[in-house]
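**Student:** So I've got this file, final09.tsv, and it contains TSV, C-alpha atoms and all ligand atoms:
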```tsv
chain	number	residue	atom	x	y	z
Z	198	MET	CA	59.72	5.29	-22.65
Z	199	LYS	CA	61.03	1.76	-22.67
Z	200	VAL	CA	58.17	-0.77	-22.71
Z	201	LYS	CA	58.49	-4.29	-21.31
Z	202	VAL	CA	55.69	-6.63	-22.35
Z	203	ALA	CA	54.66	-9.55	-20.13
Z	204	ASP	CA	55.74	-12.93	-21.58
Z	205	LYS	CA	52.14	-14.11	-21.64
Z	206	SER	CA	49.54	-11.52	-22.51
Z	207	GLY	CA	46.75	-10.84	-24.95
Z	208	MET	CA	44.30	-13.07	-26.76
Z	209	CYS	CA	43.82	-16.60	-25.53
Z	210	TYR	CA	42.88	-19.77	-27.36
Z	211	GLY	CA	39.15	-19.57	-26.47
Z	212	VAL	CA	38.74	-16.00	-27.67
Z	213	LYS	CA	40.66	-16.60	-30.92
Z	214	ARG	CA	38.51	-19.67	-31.57
Z	215	ALA	CA	35.28	-17.69	-31.04
Z	216	LEU	CA	36.45	-14.97	-33.43
Z	217	GLU	CA	37.48	-17.49	-36.08
Z	218	LEU	CA	34.07	-19.18	-35.88
Z	219	VAL	CA	32.27	-15.87	-36.43
Z	220	GLU	CA	34.59	-14.66	-39.17
Z	221	ALA	CA	34.16	-17.96	-41.04
Z	222	GLU	CA	30.38	-17.72	-40.69
Z	223	SER	CA	30.41	-14.12	-41.96
Z	224	GLU	CA	31.81	-15.41	-45.26
Z	225	ILE	CA	28.78	-17.64	-45.87
Z	226	SER	CA	25.94	-15.89	-44.06
Z	227	THR	CA	24.62	-12.34	-44.11
Z	228	GLU	CA	22.43	-12.70	-41.03
Z	229	ILE	CA	24.56	-13.24	-37.94
Z	230	ALA	CA	23.86	-12.19	-34.38
Z	231	THR	CA	25.79	-12.88	-31.19
Z	232	LEU	CA	23.92	-13.34	-27.95
Z	233	GLY	CA	25.52	-10.54	-25.96
Z	234	PRO	CA	29.05	-9.47	-26.88
Z	235	LEU	CA	31.02	-12.38	-28.40
Z	236	ILE	CA	33.99	-11.46	-26.20
Z	237	HIS	CA	34.51	-8.78	-23.56
Z	238	ASN	CA	36.28	-6.26	-25.75
Z	239	PRO	CA	34.19	-3.35	-27.10
Z	240	GLN	CA	36.62	-2.52	-29.94
Z	241	VAL	CA	36.52	-6.08	-31.31
Z	242	VAL	CA	32.73	-6.15	-31.01
Z	243	ASP	CA	32.60	-2.88	-33.01
Z	244	ARG	CA	34.80	-4.47	-35.69
Z	245	LEU	CA	32.45	-7.42	-35.93
Z	246	LYS	CA	29.54	-5.00	-36.35
Z	247	SER	CA	31.29	-3.63	-39.42
Z	248	LEU	CA	31.21	-7.20	-40.83
Z	249	GLY	CA	27.43	-7.20	-40.27
Z	250	VAL	CA	27.48	-9.13	-36.99
Z	251	ARG	CA	24.92	-7.64	-34.65
Z	252	VAL	CA	24.65	-8.08	-30.88
Z	253	VAL	CA	21.29	-9.09	-29.41
Z	254	LYS	CA	20.17	-9.36	-25.81
Z	255	SER	CA	17.84	-12.32	-26.25
Z	256	VAL	CA	17.13	-15.15	-28.70
Z	257	ASP	CA	13.67	-13.76	-29.58
Z	258	GLU	CA	15.33	-10.74	-31.23
Z	259	VAL	CA	16.55	-13.09	-33.98
Z	260	GLN	CA	13.97	-14.31	-36.50
Z	261	SER	CA	16.28	-16.09	-38.95
Z	262	GLY	CA	19.92	-16.75	-39.80
Z	263	THR	CA	22.69	-17.62	-37.38
Z	264	ILE	CA	22.99	-16.98	-33.68
Z	265	VAL	CA	26.37	-17.32	-31.99
Z	266	MET	CA	26.75	-18.14	-28.31
Z	267	PRO	CA	29.61	-16.13	-26.75
Z	268	SER	CA	32.98	-17.46	-25.57
Z	269	HIS	CA	32.01	-17.14	-21.90
Z	270	GLY	CA	29.01	-19.44	-22.37
Z	271	VAL	CA	25.24	-19.18	-21.92
Z	272	PRO	CA	22.71	-20.95	-19.69
Z	273	ARG	CA	21.95	-24.32	-21.31
Z	274	ASP	CA	18.20	-23.73	-21.83
Z	275	ILE	CA	19.10	-20.81	-24.15
Z	276	LEU	CA	20.95	-23.09	-26.58
Z	277	SER	CA	17.92	-25.36	-26.91
Z	278	GLU	CA	15.57	-22.36	-27.21
Z	279	ALA	CA	17.55	-21.10	-30.23
Z	280	GLU	CA	17.64	-24.55	-31.83
Z	281	CYS	CA	13.89	-25.04	-31.26
Z	282	ILE	CA	12.97	-21.94	-33.24
Z	283	GLY	CA	15.06	-23.13	-36.20
Z	284	LEU	CA	18.07	-20.83	-36.00
Z	285	LYS	CA	21.50	-22.02	-37.00
Z	286	VAL	CA	23.36	-22.11	-33.70
Z	287	ILE	CA	27.12	-21.74	-33.40
Z	288	ASP	CA	28.31	-22.45	-29.89
Z	289	ALA	CA	31.51	-20.43	-29.46
Z	290	THR	CA	31.70	-21.22	-25.74
Z	291	CYS	CA	35.36	-21.74	-24.84
Z	292	PRO	CA	36.02	-25.47	-24.34
Z	293	PHE	CA	37.47	-24.70	-20.89
Z	294	VAL	CA	34.18	-23.07	-19.87
Z	295	SER	CA	32.20	-26.01	-21.32
Z	296	LYS	CA	34.33	-28.33	-19.20
Z	297	VAL	CA	33.34	-26.40	-16.06
Z	298	HIS	CA	29.66	-26.77	-17.06
Z	299	LYS	CA	30.15	-30.55	-17.22
Z	300	GLN	CA	31.96	-30.69	-13.87
Z	301	VAL	CA	29.23	-28.64	-12.21
Z	302	GLY	CA	26.49	-30.80	-13.75
Z	303	ALA	CA	28.19	-33.94	-12.43
Z	304	LEU	CA	28.55	-32.42	-8.93
Z	305	ALA	CA	24.85	-31.52	-8.88
Z	306	ASP	CA	23.92	-35.05	-10.05
Z	307	GLU	CA	26.00	-36.51	-7.23
Z	308	GLY	CA	24.05	-34.47	-4.68
Z	309	TYR	CA	26.60	-31.73	-3.97
Z	310	THR	CA	25.53	-28.16	-3.30
Z	311	VAL	CA	27.40	-26.35	-6.08
Z	312	VAL	CA	29.46	-23.29	-5.17
Z	313	VAL	CA	30.90	-21.11	-7.93
Z	314	ILE	CA	33.65	-18.77	-6.73
Z	315	GLY	CA	33.25	-15.74	-8.96
Z	316	ASP	CA	31.67	-12.41	-9.73
Z	317	GLU	CA	27.92	-12.45	-9.16
Z	318	GLY	CA	26.09	-11.32	-12.29
Z	319	HIS	CA	29.00	-12.02	-14.67
Z	320	SER	CA	27.75	-13.83	-17.76
Z	321	GLU	CA	30.22	-16.72	-17.40
Z	322	VAL	CA	29.14	-17.25	-13.80
Z	323	LYS	CA	25.43	-17.12	-14.70
Z	324	ALA	CA	25.98	-19.82	-17.33
Z	325	ILE	CA	27.95	-22.05	-14.93
Z	326	MET	CA	25.24	-21.60	-12.29
Z	327	SER	CA	22.60	-22.80	-14.72
Z	328	ALA	CA	24.39	-26.13	-14.94
Z	329	GLY	CA	24.62	-26.39	-11.15
Z	330	GLY	CA	20.97	-26.87	-10.28
Z	331	GLU	CA	18.64	-24.88	-8.07
Z	332	GLY	CA	20.72	-24.81	-4.89
Z	333	ALA	CA	23.86	-23.46	-6.58
Z	334	LEU	CA	25.51	-20.46	-4.91
Z	335	VAL	CA	27.91	-17.76	-6.09
Z	336	ILE	CA	30.54	-16.79	-3.53
Z	337	GLY	CA	32.74	-13.76	-4.22
Z	338	ASN	CA	35.27	-14.02	-1.39
Z	339	ALA	CA	36.12	-15.57	1.98
Z	340	GLU	CA	34.04	-13.04	3.89
Z	341	GLU	CA	30.92	-13.98	1.92
Z	342	ALA	CA	31.72	-17.66	2.44
Z	343	SER	CA	31.93	-17.14	6.21
Z	344	ARG	CA	28.33	-15.85	6.26
Z	345	VAL	CA	26.95	-19.18	4.96
Z	346	ASP	CA	26.13	-22.13	7.24
Z	347	TRP	CA	27.95	-25.04	5.57
Z	348	SER	CA	27.44	-27.53	8.40
Z	349	GLY	CA	26.08	-30.90	7.30
Z	350	LYS	CA	26.42	-30.00	3.60
Z	351	LYS	CA	28.16	-31.86	0.78
Z	352	VAL	CA	29.70	-28.98	-1.15
Z	353	GLY	CA	31.09	-29.05	-4.69
Z	354	VAL	CA	33.33	-26.07	-5.47
Z	355	VAL	CA	34.47	-24.68	-8.83
Z	356	CYS	CA	35.49	-21.19	-9.84
Z	357	GLN	CA	35.05	-18.71	-12.67
Z	358	THR	CA	37.91	-19.40	-15.12
Z	359	THR	CA	39.36	-15.92	-14.54
Z	360	GLN	CA	39.64	-15.97	-10.73
Z	361	THR	CA	42.94	-15.88	-8.85
Z	362	PRO	CA	44.31	-19.01	-7.11
Z	363	GLU	CA	44.44	-16.99	-3.87
Z	364	ARG	CA	40.71	-16.29	-4.01
Z	365	PHE	CA	39.97	-19.94	-4.78
Z	366	LYS	CA	42.09	-21.11	-1.84
Z	367	GLU	CA	40.72	-18.63	0.71
Z	368	VAL	CA	37.07	-19.47	-0.04
Z	369	LEU	CA	37.80	-23.20	-0.05
Z	370	GLU	CA	39.44	-22.97	3.37
Z	371	VAL	CA	36.34	-21.33	4.86
Z	372	VAL	CA	33.98	-23.93	3.35
Z	373	LYS	CA	36.17	-26.83	4.49
Z	374	LYS	CA	36.04	-25.67	8.12
Z	375	SER	CA	32.41	-26.69	8.59
Z	376	ALA	CA	31.06	-28.57	5.55
Z	377	GLU	CA	30.51	-32.30	5.95
Z	378	GLU	CA	32.27	-33.06	2.67
Z	379	VAL	CA	33.96	-30.91	0.04
Z	380	LYS	CA	34.84	-31.82	-3.54
Z	381	ALA	CA	36.69	-29.00	-5.28
Z	382	PHE	CA	37.99	-28.36	-8.78
Z	383	ASN	CA	40.36	-25.49	-9.45
Z	384	THR	CA	38.85	-24.41	-12.79
Z	385	ILE	CA	41.01	-21.34	-13.39
Z	386	CYS	CA	42.07	-21.77	-17.01
Z	387	TYR	CA	45.74	-22.02	-18.03
Z	388	ALA	CA	45.54	-18.76	-20.04
Z	389	THR	CA	44.36	-16.83	-16.98
Z	390	HIS	CA	46.98	-18.47	-14.80
Z	391	ASP	CA	49.82	-17.73	-17.26
Z	392	ARG	CA	48.80	-14.08	-17.73
Z	393	GLN	CA	48.49	-13.50	-13.98
Z	394	THR	CA	51.87	-15.11	-13.25
Z	395	SER	CA	53.61	-13.15	-16.04
Z	396	ALA	CA	52.12	-9.86	-14.84
Z	397	ARG	CA	53.14	-10.56	-11.23
Z	398	ASN	CA	56.71	-11.32	-12.36
Z	399	LEU	CA	56.93	-8.16	-14.45
Z	400	CYS	CA	55.69	-5.69	-11.80
Z	401	PRO	CA	58.92	-5.50	-9.73
Z	402	GLN	CA	60.94	-4.73	-12.90
Z	403	VAL	CA	59.01	-1.61	-13.99
Z	404	ASP	CA	58.04	1.89	-12.82
Z	405	ALA	CA	54.36	1.52	-13.79
Z	406	MET	CA	52.09	-1.04	-15.38
Z	407	VAL	CA	49.62	-0.49	-18.21
Z	408	VAL	CA	46.93	-3.17	-18.45
Z	409	VAL	CA	45.16	-3.19	-21.81
Z	410	GLY	CA	41.68	-4.61	-22.30
Z	411	GLY	CA	37.94	-4.22	-21.98
Z	412	LYS	CA	36.69	-2.50	-18.83
Z	413	ASN	CA	33.97	-5.19	-18.93
Z	414	SER	CA	36.54	-7.98	-19.09
Z	415	ALA	CA	36.82	-9.94	-15.84
Z	416	ASN	CA	40.25	-11.35	-16.60
Z	417	THR	CA	41.66	-7.91	-17.58
Z	418	THR	CA	40.24	-6.33	-14.44
Z	419	ARG	CA	41.81	-9.13	-12.38
Z	420	LEU	CA	45.20	-8.44	-14.04
Z	421	ALA	CA	44.90	-4.75	-13.11
Z	422	GLU	CA	44.06	-5.70	-9.50
Z	423	ILE	CA	47.06	-8.06	-9.32
Z	424	CYS	CA	49.42	-5.35	-10.62
Z	425	ALA	CA	48.02	-2.69	-8.26
Z	426	GLU	CA	48.25	-5.10	-5.30
Z	427	SER	CA	51.93	-5.63	-6.08
Z	428	GLY	CA	52.40	-1.94	-5.23
Z	429	VAL	CA	53.24	-0.62	-8.70
Z	430	VAL	CA	51.27	2.29	-10.19
Z	431	THR	CA	48.75	0.65	-12.53
Z	432	TYR	CA	46.56	2.01	-15.34
Z	433	HIS	CA	43.81	-0.05	-17.00
Z	434	VAL	CA	43.03	1.27	-20.49
Z	435	GLU	CA	41.04	-0.06	-23.44
Z	436	VAL	CA	42.86	1.94	-26.14
Z	437	ALA	CA	45.95	4.14	-26.57
Z	438	ASP	CA	43.87	7.35	-26.69
Z	439	GLU	CA	43.03	6.99	-23.00
Z	440	ILE	CA	46.68	7.27	-21.96
Z	441	CYS	CA	47.90	10.56	-20.54
Z	442	PRO	CA	51.69	11.09	-20.91
Z	443	ASP	CA	51.70	12.95	-17.56
Z	444	TRP	CA	51.06	9.64	-15.80
Z	445	PHE	CA	54.66	8.64	-16.43
Z	446	GLY	CA	56.63	11.74	-15.35
Z	447	GLY	CA	60.10	10.77	-14.09
Z	448	MET	CA	59.66	7.12	-15.09
Z	449	ASP	CA	61.84	5.10	-17.49
Z	450	ILE	CA	60.35	1.62	-17.87
Z	451	ILE	CA	56.68	0.81	-18.34
Z	452	GLY	CA	55.36	-2.73	-18.07
Z	453	LEU	CA	52.51	-3.84	-20.28
Z	454	THR	CA	50.09	-6.71	-20.07
Z	455	ALA	CA	46.79	-7.34	-21.80
Z	456	GLY	CA	43.69	-9.38	-21.08
Z	457	ALA	CA	42.75	-12.59	-22.85
Z	458	SER	CA	40.24	-10.78	-25.07
Z	459	THR	CA	42.54	-7.96	-26.20
Z	460	PRO	CA	43.57	-8.15	-29.87
Z	461	ASP	CA	47.17	-7.68	-31.05
Z	462	TRP	CA	46.37	-4.50	-33.01
Z	463	ILE	CA	45.22	-2.68	-29.86
Z	464	ILE	CA	48.27	-3.88	-27.91
Z	465	LYS	CA	50.54	-2.67	-30.71
Z	466	GLU	CA	48.90	0.77	-30.76
Z	467	VAL	CA	49.42	1.11	-27.00
Z	468	ILE	CA	53.08	0.01	-27.22
Z	469	ASP	CA	53.73	2.48	-30.08
Z	470	PHE	CA	52.09	5.27	-28.11
Z	471	LEU	CA	54.09	4.56	-24.94
Z	472	GLU	CA	57.37	4.31	-26.86
Z	473	ARG	CA	56.77	7.76	-28.33
Z	474	ILE	CA	56.42	9.41	-24.88
I	1	LIG	FE1	38.79	-19.83	-22.41
I	1	LIG	FE2	40.46	-19.18	-20.54
I	1	LIG	FE3	40.28	-17.73	-22.68
I	1	LIG	S1	38.41	-19.96	-20.26
I	1	LIG	S2	38.16	-17.88	-23.26
I	1	LIG	S3	41.03	-19.84	-22.61
I	1	LIG	S4	40.55	-16.94	-20.64
```
Hey, can you dump this file as structure tokens for me?
Ligand code: F3S

**Tutor:**
Amino acid sequence: MKVKVADKSGMCYGVKRALELVEAESEISTEIATLGPLIHNPQVVDRLKSLGVRVVKSVDEVQSGTIVMPSHGVPRDILSEAECIGLKVIDATCPFVSKVHKQVGALADEGYTVVVIGDEGHSEVKAIMSAGGEGALVIGNAEEASRVDWSGKKVGVVCQTTQTPERFKEVLEVVKKSAEEVKAFNTICYATHDRQTSARNLCPQVDAMVVVGGKNSANTTRLAEICAESGVVTYHVEVADEICPDWFGGMDIIGLTAGASTPDWIIKEVIDFLERI
């Protein structure tokens, strides 16, 4: 098979930075834990485990050493909790996510009801919500937005960094119809935007798309949705072993994109596999 790779795909600045911070720490410390997976890629998290980096669910599982906050951020009280008990804290939150926390905090201080457009329960969204005060809401789509009474409210809107511009726009339009005042920040990060645009552009040129990345990765899942919505047959895989050659019967050109937390070595394995079909 011929494989065409999207111009922009694979690991982003924030994920690379988080990995570099942990790898550097692993050279000077033998006790390192990350609060939840450092990034949303199970294969990379397994690699870190082989360097002695364990994953914990809560700060109280760590008695000593270093705790690393993941790239998608944590609720702010957790950072202070870890510092209070004397752990060395490395905050690997992506700077773009930290910026959203600041914007949301400012909106809450100015009296806006904070709305985060995103996936309820996702760790990045939970962390953003924690900066948005008690009245903050998560809205997943326009239909959910239409079920809320916005009348008389001052609403401050941001979105999860991995959302699509379409989703941001459709929710914003619903809120604007009845809210008294709306202040909105499109907080989709440049890496997400570039990967989505590249994938969209590639779809019409190929017979099928393979999207590589963690099944728990919001931005990878969004890429797979974008490709499928364009009408091309789309497969979301984490590793080459998941690919079945029968998927591509009668096809010549396969498009490939990868999420912002997918390392180059996994992408290369998938390309090699596809080229051998
Ligand atoms: Fe940061 Fe965007 Fe990557 S928010 S972690 S640069 S996908």

**Student:** What is the distance between CA of Glu222 in chain Z and CA of Ser261 in chain Z, in Å to one decimal?

**Tutor:**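 Between these atoms lies a distance of 14.3 Å.
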
**Student:** Please, what distance in Å, to one decimal, runs between CA of Ala381 in chain Z and CA of Gly456 in chain Z?

**Tutor:**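 Between these atoms lies a distance of 26.1 Å.
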
**Student:** To one decimal place in Å, what is the distance between CA of Phe365 in chain Z and CA of Val407 in chain Z?

**Tutor:**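 CA of Val407 in chain Z lies at a distance of 25.5 Å from CA of Phe365 in chain Z.
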
**Student:** Place a sphere of radius 12 Å on (50.8, 3.4, -25.0) in the file coordinates and name every protein, DNA or RNA residue with an atom inside or on its surface, counting all atoms listed in the file; give the answer as a PyMOL selection string.

**Tutor:** chain Z and resi 198-202+405-409+432-442+444-445+451-455+463-474

**Student:** Within 8 Å of Ile287 in chain Z, counting all atoms listed in the file, which residues qualify if same-chain residues fewer than 2 places away don't, as a count of residues only?

**Tutor:** 7

**Student:** Which residues are near ligand LIG 1 (chain I) in this structure, taking near to mean any atom at most 7 Å from a ligand atom and counting all atoms listed in the file? Format them as a short mmCIF file (atom, residue, chain, number, x, y, z; two decimals) with C-alpha atoms, keeping the file's coordinate frame.

**Tutor:**
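Listing of out_28.cif after writing:
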```
data_model
loop_
_atom_site.label_atom_id
_atom_site.label_comp_id
_atom_site.auth_asym_id
_atom_site.auth_seq_id
_atom_site.Cartn_x
_atom_site.Cartn_y
_atom_site.Cartn_z
CA CYS Z 209 43.82 -16.60 -25.53
CA TYR Z 210 42.88 -19.77 -27.36
CA GLY Z 211 39.15 -19.57 -26.47
CA VAL Z 212 38.74 -16.00 -27.67
CA SER Z 268 32.98 -17.46 -25.57
CA HIS Z 269 32.01 -17.14 -21.90
CA CYS Z 291 35.36 -21.74 -24.84
CA PRO Z 292 36.02 -25.47 -24.34
CA PHE Z 293 37.47 -24.70 -20.89
CA VAL Z 294 34.18 -23.07 -19.87
CA THR Z 358 37.91 -19.40 -15.12
CA THR Z 359 39.36 -15.92 -14.54
CA CYS Z 386 42.07 -21.77 -17.01
CA TYR Z 387 45.74 -22.02 -18.03
CA ALA Z 388 45.54 -18.76 -20.04
CA THR Z 389 44.36 -16.83 -16.98
CA ASN Z 416 40.25 -11.35 -16.60
CA ALA Z 457 42.75 -12.59 -22.85
#
```

**Student:** Residues near His298 in chain Z, anyone? I mean within 12 Å using only C-alpha atoms, not counting same-chain ones fewer than 3 positions away, as a PyMOL selection string.

**Tutor:** chain Z and resi 269-273+290-295+301-305+311+313+321-330+355-358+382+384

**Student:** Counting all atoms listed in the file, figure out which residue out of Z:Ala342, Z:Thr227, Z:Thr459, Z:Ile336 gets nearest to Gly411 in chain Z.

**Tutor:**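 Smallest separation from Gly411 in chain Z among the options: Z:Thr459.
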
**Student:** Go through Z:Gly353, Z:Pro239, Z:Gln260, Z:Gln360 and flag the residue nearest Leu284 in chain Z, using all atoms listed in the file for the distances.

**Tutor:**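 That would be Z:Gln260, the residue with the smallest distance to Leu284 in chain Z.
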
**Student:** What's around Val253 in chain Z at 8 Å? Count all atoms listed in the file, leave out sequence neighbours fewer than 2 positions away in its own chain, and write the answer as a PyMOL selection string.

**Tutor:** chain Z and resi 230-233+251+255-256+258-259

**Student:** The selected residues should be written to file as a short mmCIF file (atom, residue, chain, number, x, y, z; two decimals), keeping the file's coordinate frame (atoms: C-alpha atoms).

**Tutor:**
```cif
data_model
loop_
_atom_site.label_atom_id
_atom_site.label_comp_id
_atom_site.auth_asym_id
_atom_site.auth_seq_id
_atom_site.Cartn_x
_atom_site.Cartn_y
_atom_site.Cartn_z
CA ALA Z 230 23.86 -12.19 -34.38
CA THR Z 231 25.79 -12.88 -31.19
CA LEU Z 232 23.92 -13.34 -27.95
CA GLY Z 233 25.52 -10.54 -25.96
CA ARG Z 251 24.92 -7.64 -34.65
CA SER Z 255 17.84 -12.32 -26.25
CA VAL Z 256 17.13 -15.15 -28.70
CA GLU Z 258 15.33 -10.74 -31.23
CA VAL Z 259 16.55 -13.09 -33.98
#
```

**Student:** Dump as a ChimeraX atom specification all residues having an atom at most 10 Å from (32.7, -1.7, -21.2), computed in the file's coordinates with all atoms listed in the file.

**Tutor:** /Z:237-240,410-414,435

**Student:** For a quick check of understanding, using all atoms listed in the file, which of Z:Val345, Z:Ala415, Z:Ile314, Z:Val219 has the smallest distance to Lys366 in chain Z?

**Tutor:**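 Distance minimum relative to Lys366 in chain Z lands on Z:Ile314.
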
**Student:** Identify which of the residues Z:Gly249, Z:Gly446, Z:Pro267, Z:Gly308 lies closest to Leu235 in chain Z, counting only C-alpha atoms when measuring atom-to-atom distances.

**Tutor:** Z:Pro267

**Student:** Using only C-alpha atoms, can you tell me which of Z:Leu399, Z:Ala221, Z:Ile450, Z:Ala376 comes closest to Tyr309 in chain Z?

**Tutor:** Z:Ala376

**Student:** Between Z:His319, Z:Arg397, Z:Lys350, Z:Lys296, which has the minimum distance to Gly337 in chain Z (counting all atoms listed in the file)?

**Tutor:**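 Smallest distance to Gly337 in chain Z is found for Z:His319.
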